[in-house]
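Asks: Below you'll find the structure I mean.
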Protein chains: 2
Amino acid sequence: MNGDGLRRVIIESVAPEIDGGQHPIKRVPKEHVVVEADAYADGHDLLTVILKSRHESEKTWSETAMKPLGNDRWRGEFEVTELGVYLYTIEGWVDPFSSWRRDLLKRIEAQQDVSMDLIIGERLVEEAAKRANDVDAQSLQAWAREFSQSGESTMKARIERVLDEEMTKLTLRFPDRSHATTHEKELRVTVDPILARTGAWYEIFPRSCPGKVGRHGTFKDVEAFLPHVAEMGFDVLYLPPIHPIGQSFRKGKNNNPVCQPDEPGSPWGIGSKEGGHTAIHPELGTLDDFKGMLRKARELKIEVALDIAFQCSPDHPWVREHPQWFRERPDGTIQYAENPPKKYQDIYPINFESDDWPALWQELKRVIVYWIAHGVRVFRVDNPHTKSLPFWEWVIGDIRQTRPDVIFLAEAFTRPHLMYGLSKLGFNQSYNYFPWRNTKAELIEYFTELSQPPVSEFFRANLWPNTPDILTRYLQDGGRPAFIARLILAATLGASYGIYGPTFEFMENKPVQKDGEEYLNSEKYEIRSWDLNRADNLTDLISRVNRIRRENPALHDLHHFQFHHTDNDTIIAYSKTDDELKNVVLIIVNLDPYNVQSGWVDLTLEELGIAPGTTFQVHDLLTDARYSWHGDRNYVELRPWEMPAHIFRVSSDFT
Amino acid sequence: MNGDGLRRVIIESVAPEIDGGQHPIKRVPKEHVVVEADAYADGHDLLTVILKSRHESEKTWSETAMKPLGNDRWRGEFEVTELGVYLYTIEGWVDPFSSWRRDLLKRIEAQQDVSMDLIIGERLVEEAAKRANDVDAQSLQAWAREFSQSGESTMKARIERVLDEEMTKLTLRFPDRSHATTHEKELRVTVDPILARTGAWYEIFPRSCPGKVGRHGTFKDVEAFLPHVAEMGFDVLYLPPIHPIGQSFRKGKNNNPVCQPDEPGSPWGIGSKEGGHTAIHPELGTLDDFKGMLRKARELKIEVALDIAFQCSPDHPWVREHPQWFRERPDGTIQYAENPPKKYQDIYPINFESDDWPALWQELKRVIVYWIAHGVRVFRVDNPHTKSLPFWEWVIGDIRQTRPDVIFLAEAFTRPHLMYGLSKLGFNQSYNYFPWRNTKAELIEYFTELSQPPVSEFFRANLWPNTPDILTRYLQDGGRPAFIARLILAATLGASYGIYGPTFEFMENKPVQKDGEEYLNSEKYEIRSWDLNRADNLTDLISRVNRIRRENPALHDLHHFQFHHTDNDTIIAYSKTDDELKNVVLIIVNLDPYNVQSGWVDLTLEELGIAPGTTFQVHDLLTDARYSWHGDRNYVELRPWEMPAHIFRVSSDFT
């Protein structure tokens, strides 16, 4: 018989609640958190259920009433405004005053004598008055006296006063919460900068910076290239590792195990006598050059994302200074990376099972903090799924305590639970299976999963049609229409998307082997030069797509996203809208890069803010063409070599 | 940096886990608990995941290996054998030996030099030896030495030894669990007697006991009636309250607010000067008579269920002795029961919001314990949803500590969450919406919900086609075919079912009002006599249905239950099987009590243990007719006035 035997309300099935509240949900400022729960008590008394929320820096809860949805389900919501962590929970109690009032109305309707009920109500109001402050207490006491006041006042007049709406509301402001039930968990919301949700990314290898010709590129080249990136409308410029590159077992062109003396090696072979993860590859420039580039980028409203690749070349200082952070082989050498039977002798993985893990974790954190201190706010983390999960949870959580504006993108191309797990543990966004979802059925299945709870609550997808490791068969074979289709899918399905820049902009699509996904003459192993004035490029289209993204708030999130039926299996259609249906975007893509495809698209007009049966306008933001559509079924025809997609702004307004 | 940074395994999405582990699941002895979970770690190492379980009285866990289902999902199971509470949880760890062995096989296949790997393996086996007991340690040490033994042994012979299956298994018996992850929750299973899951119930008002004529029935009459109940094959005889009935505001025939002096009142108007909830209504007999009846019942393998109705007549001793357990009205009187604008002045509800709740709870518990002490093991609890939920959780939990063989049936005809909540908090089984699920679509929807997790894990439905409060329109209008259809549905859809005995057996179906569900001349308010020899009865059919239930284990639970498509909306078909498909029962019911209905029934034969495309036998256990059916689509025709249902035993065996 422990506890409060008078606590009657039960609260269950709270959503969102990731893994029983173990992990936070994610938001950006000005987004809402809609919370639902079952709340009920024995019998038929009415309940009050409230949603309580607060920023972790605040001491007191903000409270909002939850509304009953029927069947004992309740819903409430709150807005987050500050970066950091918010907490929320639910509290409910039995509301005797409202229950009394409901019954009173029934008795009045049945024309019963309610004089006894009025006395009961009077007492309830008197109790509320005791809980109220001075002024309100006096109002309530005065009101309570009217309940049983006999004499000149008729019963009808008295009942009218007793049912007064304003005084009812005032009474309800002072409930007896001494036996309230509070949900046993305080649930968390991680509030990240908007860029964690919405952004367009462009990746370049600085040593092969577009614009420079025939030599090793530098941060100064990148600085000169930044206006081009800004003009195209990108928010983030992501650079692969900028650290000194090891010599031992350095790989040559096209991943050749034998390297020529003048070959530069892979930027992921981190560490040489010039330093490790906090050093800069000398040929790229100095720390000052780096900071100058960051400054220029910020002027152009571009964030520079660095690569966090926690692995070492055999020449990395850590190998000599902290051999205990690596796995030793029986012959005393250090274990290189393997995926048996494949061997990667140029890379030493860090051994997260080292007994010296506390020092190792601190040093790895120092690396991230070092770059943050020099102005970096965005990190793309290389293969986080092959490093310790408790480490990521700790390091991201620790850094967020003081710097919630920092963003970590997980390059986690791995099994579903592990990929989702990294996001639950702290990564703000993640790579995902988008590159390999190319058919209509695959795209619908995957983006239905990503856009719905629980996944949508904690996992933010950043969609990349290509990366330095991924040249898909679809891009290899499909030519320009394939590039355009994938660009538009990435940019409109994803609130965040990115392209591995020059290769995408100039539609490079030759693989080393037809059945592989490695680029021929990959920038990973050699220095390339890119001619920005090359005739066949996607520069203008990319700029236009990014402008469309910026101008259409519907594309900034996945809050209101749905697929629409089409009668052609190579035509995919989906729409996004803002909260108020002021911005409605309908995207239709021909996924077949070879053939003209046509078909009928079914819309549910009301959900797009269009009155059923009316004529409305679809304005193609790619081509500026405008069409009048009528009703919920309309015809499209998409010619891949002209433009394999429509991005329609949908509106009833023809002006 | 708290905790163990080397704990790499993550365990998530454990099922069953009711409300995040807040509530137990339910089982009876010899049932299995199948547990699934996601378990994964960074990288590609293999894991070991085990299911741990124990009876609460045991100190050590039993462990069974969980099997990977793919996609990082794991499954394991354990059997419960004893009443009481079992606990289960999951533990997982990274398995370096299995990971090493997997990689070794890949290297061998790629014809690589594995001499270094054998030394690594040797060390892993030596570490396992250190964790092993004496004999096993010596075996493992000897085996480890063979890994790197050069000289006379060829590499091929060595590898063969290293891959030895038996020694591999022995090594895996001694894993390093120092960094294992244990699921944060210990989940609970309530193990109840089989009767909590499977049973046939029969309800009589003892004062109107069938057999006796024209006077107040007694426990001795009930004793004389018990052989009839046993012959019909019932497991439980449920009696409405047997306590003294109050005089104040006693209701007359057909709920008449004015009562004649000789009218007996409702058994639910509990308490008079003769006593309250631990007293016996004098006209029924003495406590010794009651105990004699219990003894006789137990000889016949029948449990007598008592009614726990925690409410009082104004004459109940508690009203005088503990007025603080009731709600006082402003005029000093006690608040009677109401459902505004309806008033029930003969009933005082107990006020669970009393400040004196601890004493109240103890007294209510004393009532239950009193009857248990006198031999009662089964209770039907009247309207538990109008009493305090924390009280039920406490009282049932407390009693179960010493008497896990006691069963509580919740008469909770209320909102879904509240009804389910009572079962989560401790009720072993529950009334439910079955009486009002009469169409095929309603039945399929409801029994799909009841037979699947999570509901099937904690909620056991007891199906009653009628009760003293519920004479449905379907029974009012449908005559004998309706009674038979509902009997067969209740007895075969439910592992537990019950009938409000004589009214059902003799098909009484006259309501007070056509649009209500109250019986005309209800036994609740008057003494009735029933002629057991009345010609038009269902006695033989009920006996046969109960025999079919007893003889067919498939009907004892909902473990393997599915609906089958039929092309007629008034014909419902479903099957139940045992675990081994030795007992396969197919039920087909015509829900239209007026017309002959026919149609085609689709079966998935493999799921019923029949080879597709073969001829098999369906043996109607109701009529003893046998039919040869062929393939997965067969024809049925059901004539309601002959027999509106088939209960087929399905078999490939024609003997």
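To be explicit about the labels: the chains of the structure tokens are called A, B, and onward in the order shown, and within each one the residues are counted from 1, while ligands get numbers from 1 in the order they are shown.
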Residues of chain B within 8 Å of chain A, counting only C-alpha atoms, what are they? List them as an MDAnalysis selection string.

Replies: chainID B and resid 1 5:8 12:13 19:20 38 40:44 71:72 103 106:107 110 112 116 119:120 329:331 340:341 352:353 357:358 385:391 394 415:418

Asks: Check the DSSP output for the backbone and give back, as a VMD selection string, the residues of stretch 16-108 of chain A in strand (DSSP E).

Replies: chain A and resid 25 to 27 32 to 40 47 to 55 62 to 65 67 to 70 73 to 79 84 to 94

Asks: Please provide the set of residues having any atom within 9 Å of B:Ser313, restricted to only C-alpha atoms, with same-chain residues fewer than 5 positions apart removed, written as a PDB file with all heavy atoms, in the first residue's frame.

Replies:
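Written out: selection_16.pdb:
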ATOM      1  N   ILE B 245     -29.688  -8.767   1.664  1.00  0.00           N
ATOM      2  CA  ILE B 245     -30.145  -7.717   0.748  1.00  0.00           C
ATOM      3  C   ILE B 245     -30.839  -6.623   1.553  1.00  0.00           C
ATOM      4  O   ILE B 245     -31.655  -6.911   2.435  1.00  0.00           O
ATOM      5  CB  ILE B 245     -31.104  -8.321  -0.306  1.00  0.00           C
ATOM      6  CG1 ILE B 245     -30.326  -9.334  -1.174  1.00  0.00           C
ATOM      7  CG2 ILE B 245     -31.731  -7.222  -1.173  1.00  0.00           C
ATOM      8  CD1 ILE B 245     -31.199 -10.194  -2.052  1.00  0.00           C
ATOM      9  N   GLY B 246     -30.509  -5.380   1.253  1.00  0.00           N
ATOM     10  CA  GLY B 246     -31.064  -4.243   1.995  1.00  0.00           C
ATOM     11  C   GLY B 246     -32.565  -4.063   1.771  1.00  0.00           C
ATOM     12  O   GLY B 246     -33.131  -4.540   0.778  1.00  0.00           O
ATOM     13  N   GLN B 247     -33.200  -3.350   2.717  1.00  0.00           N
ATOM     14  CA  GLN B 247     -34.626  -3.061   2.613  1.00  0.00           C
ATOM     15  C   GLN B 247     -34.885  -1.665   2.049  1.00  0.00           C
ATOM     16  O   GLN B 247     -35.858  -1.453   1.328  1.00  0.00           O
ATOM     17  CB  GLN B 247     -35.275  -3.137   4.014  1.00  0.00           C
ATOM     18  CG  GLN B 247     -35.373  -4.545   4.593  1.00  0.00           C
ATOM     19  CD  GLN B 247     -36.433  -5.405   3.906  1.00  0.00           C
ATOM     20  OE1 GLN B 247     -37.225  -4.913   3.092  1.00  0.00           O
ATOM     21  NE2 GLN B 247     -36.430  -6.698   4.215  1.00  0.00           N
ATOM     22  N   SER B 248     -34.003  -0.719   2.370  1.00  0.00           N
ATOM     23  CA  SER B 248     -34.248   0.677   2.001  1.00  0.00           C
ATOM     24  C   SER B 248     -34.209   0.856   0.485  1.00  0.00           C
ATOM     25  O   SER B 248     -33.231   0.466  -0.164  1.00  0.00           O
ATOM     26  CB  SER B 248     -33.184   1.584   2.619  1.00  0.00           C
ATOM     27  OG  SER B 248     -33.121   1.374   4.008  1.00  0.00           O
ATOM     28  N   PHE B 249     -35.267   1.461  -0.037  1.00  0.00           N
ATOM     29  CA  PHE B 249     -35.373   1.725  -1.474  1.00  0.00           C
ATOM     30  C   PHE B 249     -35.236   0.448  -2.314  1.00  0.00           C
ATOM     31  O   PHE B 249     -34.843   0.516  -3.470  1.00  0.00           O
ATOM     32  CB  PHE B 249     -34.335   2.762  -1.919  1.00  0.00           C
ATOM     33  CG  PHE B 249     -34.492   4.101  -1.257  1.00  0.00           C
ATOM     34  CD1 PHE B 249     -33.683   4.463  -0.174  1.00  0.00           C
ATOM     35  CD2 PHE B 249     -35.457   4.998  -1.710  1.00  0.00           C
ATOM     36  CE1 PHE B 249     -33.829   5.687   0.437  1.00  0.00           C
ATOM     37  CE2 PHE B 249     -35.606   6.244  -1.094  1.00  0.00           C
ATOM     38  CZ  PHE B 249     -34.780   6.594  -0.016  1.00  0.00           C
ATOM     39  N   ARG B 250     -35.514  -0.722  -1.676  1.00  0.00           N
ATOM     40  CA  ARG B 250     -35.444  -1.985  -2.419  1.00  0.00           C
ATOM     41  C   ARG B 250     -36.304  -1.897  -3.679  1.00  0.00           C
ATOM     42  O   ARG B 250     -37.403  -1.342  -3.651  1.00  0.00           O
ATOM     43  CB  ARG B 250     -35.925  -3.126  -1.511  1.00  0.00           C
ATOM     44  CG  ARG B 250     -35.861  -4.476  -2.173  1.00  0.00           C
ATOM     45  CD  ARG B 250     -36.395  -5.566  -1.247  1.00  0.00           C
ATOM     46  NE  ARG B 250     -35.370  -6.026  -0.327  1.00  0.00           N
ATOM     47  CZ  ARG B 250     -35.504  -7.150   0.399  1.00  0.00           C
ATOM     48  NH1 ARG B 250     -36.615  -7.871   0.335  1.00  0.00           N
ATOM     49  NH2 ARG B 250     -34.538  -7.529   1.214  1.00  0.00           N
ATOM     50  N   TRP B 268     -27.634  -7.381  -5.737  1.00  0.00           N
ATOM     51  CA  TRP B 268     -26.542  -6.393  -5.746  1.00  0.00           C
ATOM     52  C   TRP B 268     -26.792  -5.247  -4.751  1.00  0.00           C
ATOM     53  O   TRP B 268     -25.950  -4.401  -4.585  1.00  0.00           O
ATOM     54  CB  TRP B 268     -26.311  -5.862  -7.155  1.00  0.00           C
ATOM     55  CG  TRP B 268     -25.542  -6.851  -8.000  1.00  0.00           C
ATOM     56  CD1 TRP B 268     -24.199  -6.986  -8.039  1.00  0.00           C
ATOM     57  CD2 TRP B 268     -26.074  -7.832  -8.885  1.00  0.00           C
ATOM     58  NE1 TRP B 268     -23.848  -8.016  -8.896  1.00  0.00           N
ATOM     59  CE2 TRP B 268     -25.001  -8.555  -9.432  1.00  0.00           C
ATOM     60  CE3 TRP B 268     -27.380  -8.212  -9.256  1.00  0.00           C
ATOM     61  CZ2 TRP B 268     -25.151  -9.599 -10.347  1.00  0.00           C
ATOM     62  CZ3 TRP B 268     -27.530  -9.256 -10.168  1.00  0.00           C
ATOM     63  CH2 TRP B 268     -26.427  -9.931 -10.700  1.00  0.00           C
ATOM     64  N   GLY B 269     -28.013  -5.263  -4.101  1.00  0.00           N
ATOM     65  CA  GLY B 269     -28.280  -4.292  -3.044  1.00  0.00           C
ATOM     66  C   GLY B 269     -27.760  -4.860  -1.728  1.00  0.00           C
ATOM     67  O   GLY B 269     -28.524  -5.274  -0.859  1.00  0.00           O
ATOM     68  N   ILE B 270     -26.478  -4.889  -1.593  1.00  0.00           N
ATOM     69  CA  ILE B 270     -25.827  -5.717  -0.563  1.00  0.00           C
ATOM     70  C   ILE B 270     -25.843  -5.046   0.811  1.00  0.00           C
ATOM     71  O   ILE B 270     -25.479  -3.875   0.947  1.00  0.00           O
ATOM     72  CB  ILE B 270     -24.372  -6.021  -0.972  1.00  0.00           C
ATOM     73  CG1 ILE B 270     -24.375  -6.860  -2.265  1.00  0.00           C
ATOM     74  CG2 ILE B 270     -23.616  -6.734   0.152  1.00  0.00           C
ATOM     75  CD1 ILE B 270     -23.012  -7.023  -2.883  1.00  0.00           C
ATOM     76  N   GLY B 271     -26.235  -5.819   1.824  1.00  0.00           N
ATOM     77  CA  GLY B 271     -26.082  -5.384   3.207  1.00  0.00           C
ATOM     78  C   GLY B 271     -27.393  -5.072   3.880  1.00  0.00           C
ATOM     79  O   GLY B 271     -28.233  -4.337   3.352  1.00  0.00           O
ATOM     80  N   SER B 272     -27.565  -5.631   5.059  1.00  0.00           N
ATOM     81  CA  SER B 272     -28.751  -5.373   5.869  1.00  0.00           C
ATOM     82  C   SER B 272     -28.330  -5.540   7.322  1.00  0.00           C
ATOM     83  O   SER B 272     -27.151  -5.747   7.612  1.00  0.00           O
ATOM     84  CB  SER B 272     -29.852  -6.374   5.509  1.00  0.00           C
ATOM     85  OG  SER B 272     -29.525  -7.636   6.052  1.00  0.00           O
ATOM     86  N   VAL B 319     -22.192   1.414   6.426  1.00  0.00           N
ATOM     87  CA  VAL B 319     -22.769   2.762   6.357  1.00  0.00           C
ATOM     88  C   VAL B 319     -22.816   3.378   7.748  1.00  0.00           C
ATOM     89  O   VAL B 319     -22.521   4.554   7.942  1.00  0.00           O
ATOM     90  CB  VAL B 319     -24.183   2.724   5.724  1.00  0.00           C
ATOM     91  CG1 VAL B 319     -24.826   4.116   5.731  1.00  0.00           C
ATOM     92  CG2 VAL B 319     -24.115   2.167   4.287  1.00  0.00           C
ATOM     93  N   GLN B 345     -31.355   5.035  -5.663  1.00  0.00           N
ATOM     94  CA  GLN B 345     -31.315   5.332  -4.232  1.00  0.00           C
ATOM     95  C   GLN B 345     -31.113   4.107  -3.364  1.00  0.00           C
ATOM     96  O   GLN B 345     -30.828   4.233  -2.174  1.00  0.00           O
ATOM     97  CB  GLN B 345     -32.596   6.073  -3.814  1.00  0.00           C
ATOM     98  CG  GLN B 345     -32.515   7.547  -4.178  1.00  0.00           C
ATOM     99  CD  GLN B 345     -33.784   8.078  -4.792  1.00  0.00           C
ATOM    100  OE1 GLN B 345     -34.380   7.424  -5.652  1.00  0.00           O
ATOM    101  NE2 GLN B 345     -34.204   9.259  -4.353  1.00  0.00           N
ATOM    102  N   ASP B 346     -31.228   2.896  -3.975  1.00  0.00           N
ATOM    103  CA  ASP B 346     -31.010   1.678  -3.193  1.00  0.00           C
ATOM    104  C   ASP B 346     -29.525   1.336  -3.057  1.00  0.00           C
ATOM    105  O   ASP B 346     -29.172   0.402  -2.364  1.00  0.00           O
ATOM    106  CB  ASP B 346     -31.747   0.487  -3.837  1.00  0.00           C
ATOM    107  CG  ASP B 346     -31.364   0.279  -5.292  1.00  0.00           C
ATOM    108  OD1 ASP B 346     -31.000   1.276  -5.966  1.00  0.00           O
ATOM    109  OD2 ASP B 346     -31.411  -0.871  -5.767  1.00  0.00           O
ATOM    110  N   ILE B 347     -28.680   2.092  -3.742  1.00  0.00           N
ATOM    111  CA  ILE B 347     -27.243   1.755  -3.748  1.00  0.00           C
ATOM    112  C   ILE B 347     -26.418   2.959  -3.305  1.00  0.00           C
ATOM    113  O   ILE B 347     -26.565   4.057  -3.827  1.00  0.00           O
ATOM    114  CB  ILE B 347     -26.788   1.361  -5.182  1.00  0.00           C
ATOM    115  CG1 ILE B 347     -27.543   0.125  -5.695  1.00  0.00           C
ATOM    116  CG2 ILE B 347     -25.263   1.148  -5.225  1.00  0.00           C
ATOM    117  CD1 ILE B 347     -27.235  -1.147  -4.947  1.00  0.00           C
ATOM    118  N   TYR B 348     -25.525   2.717  -2.328  1.00  0.00           N
ATOM    119  CA  TYR B 348     -24.524   3.715  -1.965  1.00  0.00           C
ATOM    120  C   TYR B 348     -23.173   3.276  -2.559  1.00  0.00           C
ATOM    121  O   TYR B 348     -22.630   2.254  -2.163  1.00  0.00           O
ATOM    122  CB  TYR B 348     -24.351   3.791  -0.441  1.00  0.00           C
ATOM    123  CG  TYR B 348     -25.465   4.487   0.312  1.00  0.00           C
ATOM    124  CD1 TYR B 348     -25.455   4.531   1.699  1.00  0.00           C
ATOM    125  CD2 TYR B 348     -26.523   5.111  -0.355  1.00  0.00           C
ATOM    126  CE1 TYR B 348     -26.461   5.173   2.417  1.00  0.00           C
ATOM    127  CE2 TYR B 348     -27.529   5.757   0.364  1.00  0.00           C
ATOM    128  CZ  TYR B 348     -27.507   5.776   1.728  1.00  0.00           C
ATOM    129  OH  TYR B 348     -28.503   6.396   2.427  1.00  0.00           O
ATOM    130  N   PRO B 349     -22.649   4.049  -3.473  1.00  0.00           N
ATOM    131  CA  PRO B 349     -21.324   3.662  -3.971  1.00  0.00           C
ATOM    132  C   PRO B 349     -20.279   3.956  -2.899  1.00  0.00           C
ATOM    133  O   PRO B 349     -20.429   4.884  -2.105  1.00  0.00           O
ATOM    134  CB  PRO B 349     -21.103   4.556  -5.193  1.00  0.00           C
ATOM    135  CG  PRO B 349     -22.138   5.609  -5.134  1.00  0.00           C
ATOM    136  CD  PRO B 349     -23.156   5.272  -4.086  1.00  0.00           C
TER     137      PRO B 349
END

Asks: Any idea what the distance is between atom CA of B:His630 and atom CA of B:Ile572?

Replies: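 Distance reported for this atom pair: 19.8 Å.
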
Asks: Tell me which of A:Thr278, A:Thr439, A:Ser139, A:Ser543 sits closest to A:Phe234, counting only C-alpha atoms.

Replies: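 Looking only at the distances to A:Phe234, the closest residue turns out to be A:Ser543.
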
Asks: Might you pull out every residue within 7 Å of B:Glu36, with only C-alpha atoms counted and same-chain residues fewer than 2 positions away left off, and present them as a list of chain:residue names?

Replies: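 Returned residues: B:Val14, B:Ala15, B:Val34, B:Arg73, B:Trp74, B:Arg75, B:Gly76.
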
Asks: Create the file for the chosen residues now, containing N, CA and C atoms and written as a CSV table (one decimal), in the first residue's frame.

Replies:
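The new file part.csv reads:
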chain,number,residue,atom,x,y,z
B,14,VAL,N,12.2,-4.5,-27.5
B,14,VAL,CA,11.9,-5.8,-27.0
B,14,VAL,C,10.4,-6.0,-27.0
B,15,ALA,N,10.0,-7.2,-27.4
B,15,ALA,CA,8.6,-7.6,-27.4
B,15,ALA,C,8.5,-9.0,-26.9
B,34,VAL,N,7.5,-16.2,-26.2
B,34,VAL,CA,8.4,-15.9,-27.3
B,34,VAL,C,8.9,-14.4,-27.3
B,73,ARG,N,17.5,-8.5,-35.8
B,73,ARG,CA,16.4,-8.9,-35.0
B,73,ARG,C,16.7,-10.3,-34.4
B,74,TRP,N,16.4,-10.6,-33.2
B,74,TRP,CA,16.7,-11.8,-32.5
B,74,TRP,C,15.4,-12.4,-31.9
B,75,ARG,N,15.4,-13.7,-31.8
B,75,ARG,CA,14.2,-14.4,-31.1
B,75,ARG,C,14.6,-15.5,-30.2
B,76,GLY,N,14.0,-15.6,-29.1
B,76,GLY,CA,14.2,-16.7,-28.2
B,76,GLY,C,12.9,-17.0,-27.5

Asks: Please provide the set of residues having any atom within 9 Å of A:Val125, restricted to only C-alpha atoms, with same-chain residues fewer than 5 positions apart removed, written as a PyMOL selection string.

Replies: chain A and resi 97+120+130+140-141+143-144+171

Asks: Write out as a ChimeraX atom specification which residues come within 7 Å of stretch 254-261 of chain A when counting only C-alpha atoms, dropping same-chain ones fewer than 4 positions away.

Replies: /A:250,520-522,525

Asks: Let's have the selection written as a JSON list (two decimals), in the first residue's frame, with C-alpha atoms.

Replies:
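Contents of the output file result_12.json:
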[["chain", "number", "residue", "atom", "x", "y", "z"],
["A", 250, "ARG", "CA", 49.85, 4.98, -49.88],
["A", 520, "LEU", "CA", 37.29, 5.98, -62.85],
["A", 521, "ASN", "CA", 40.21, 8.29, -62.01],
["A", 522, "SER", "CA", 38.61, 9.03, -58.69],
["A", 525, "TYR", "CA", 43.54, 9.01, -55.34]]

Asks: Find the spatial neighbours of B:Ala279, counting only C-alpha atoms, within a cut-off of 12 Å - ignore same-chain residues fewer than 6 positions away - and output them as a VMD selection string.

Replies: chain B and resid 241 to 245 270 to 273 285 to 287 290 316 to 317 367 370 to 371

Asks: Rounded to one decimal, what separation in Å do you get between atom CA of B:Met155 and atom CA of B:Ala142?

Replies: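 For atom CA of B:Met155 relative to atom CA of B:Ala142, the distance reads 17.6 Å.
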
Asks: From a DSSP calculation on the backbone, collect every residue of stretch 306-538 of chain B in helix (DSSP H, G or I) and output the set as number ranges by chain.

Replies: B: 317-321, 323-325, 357-373, 384-386, 389-402, 416-425, 434-436, 440-451, 455-458, 473-493, 501-505

Asks: To one decimal place, how far is atom CA of A:Cys209 from atom CA of A:Tyr497 in Å?

Replies: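 Spanning atom CA of A:Cys209 to atom CA of A:Tyr497 is a straight-line distance of 20.7 Å.
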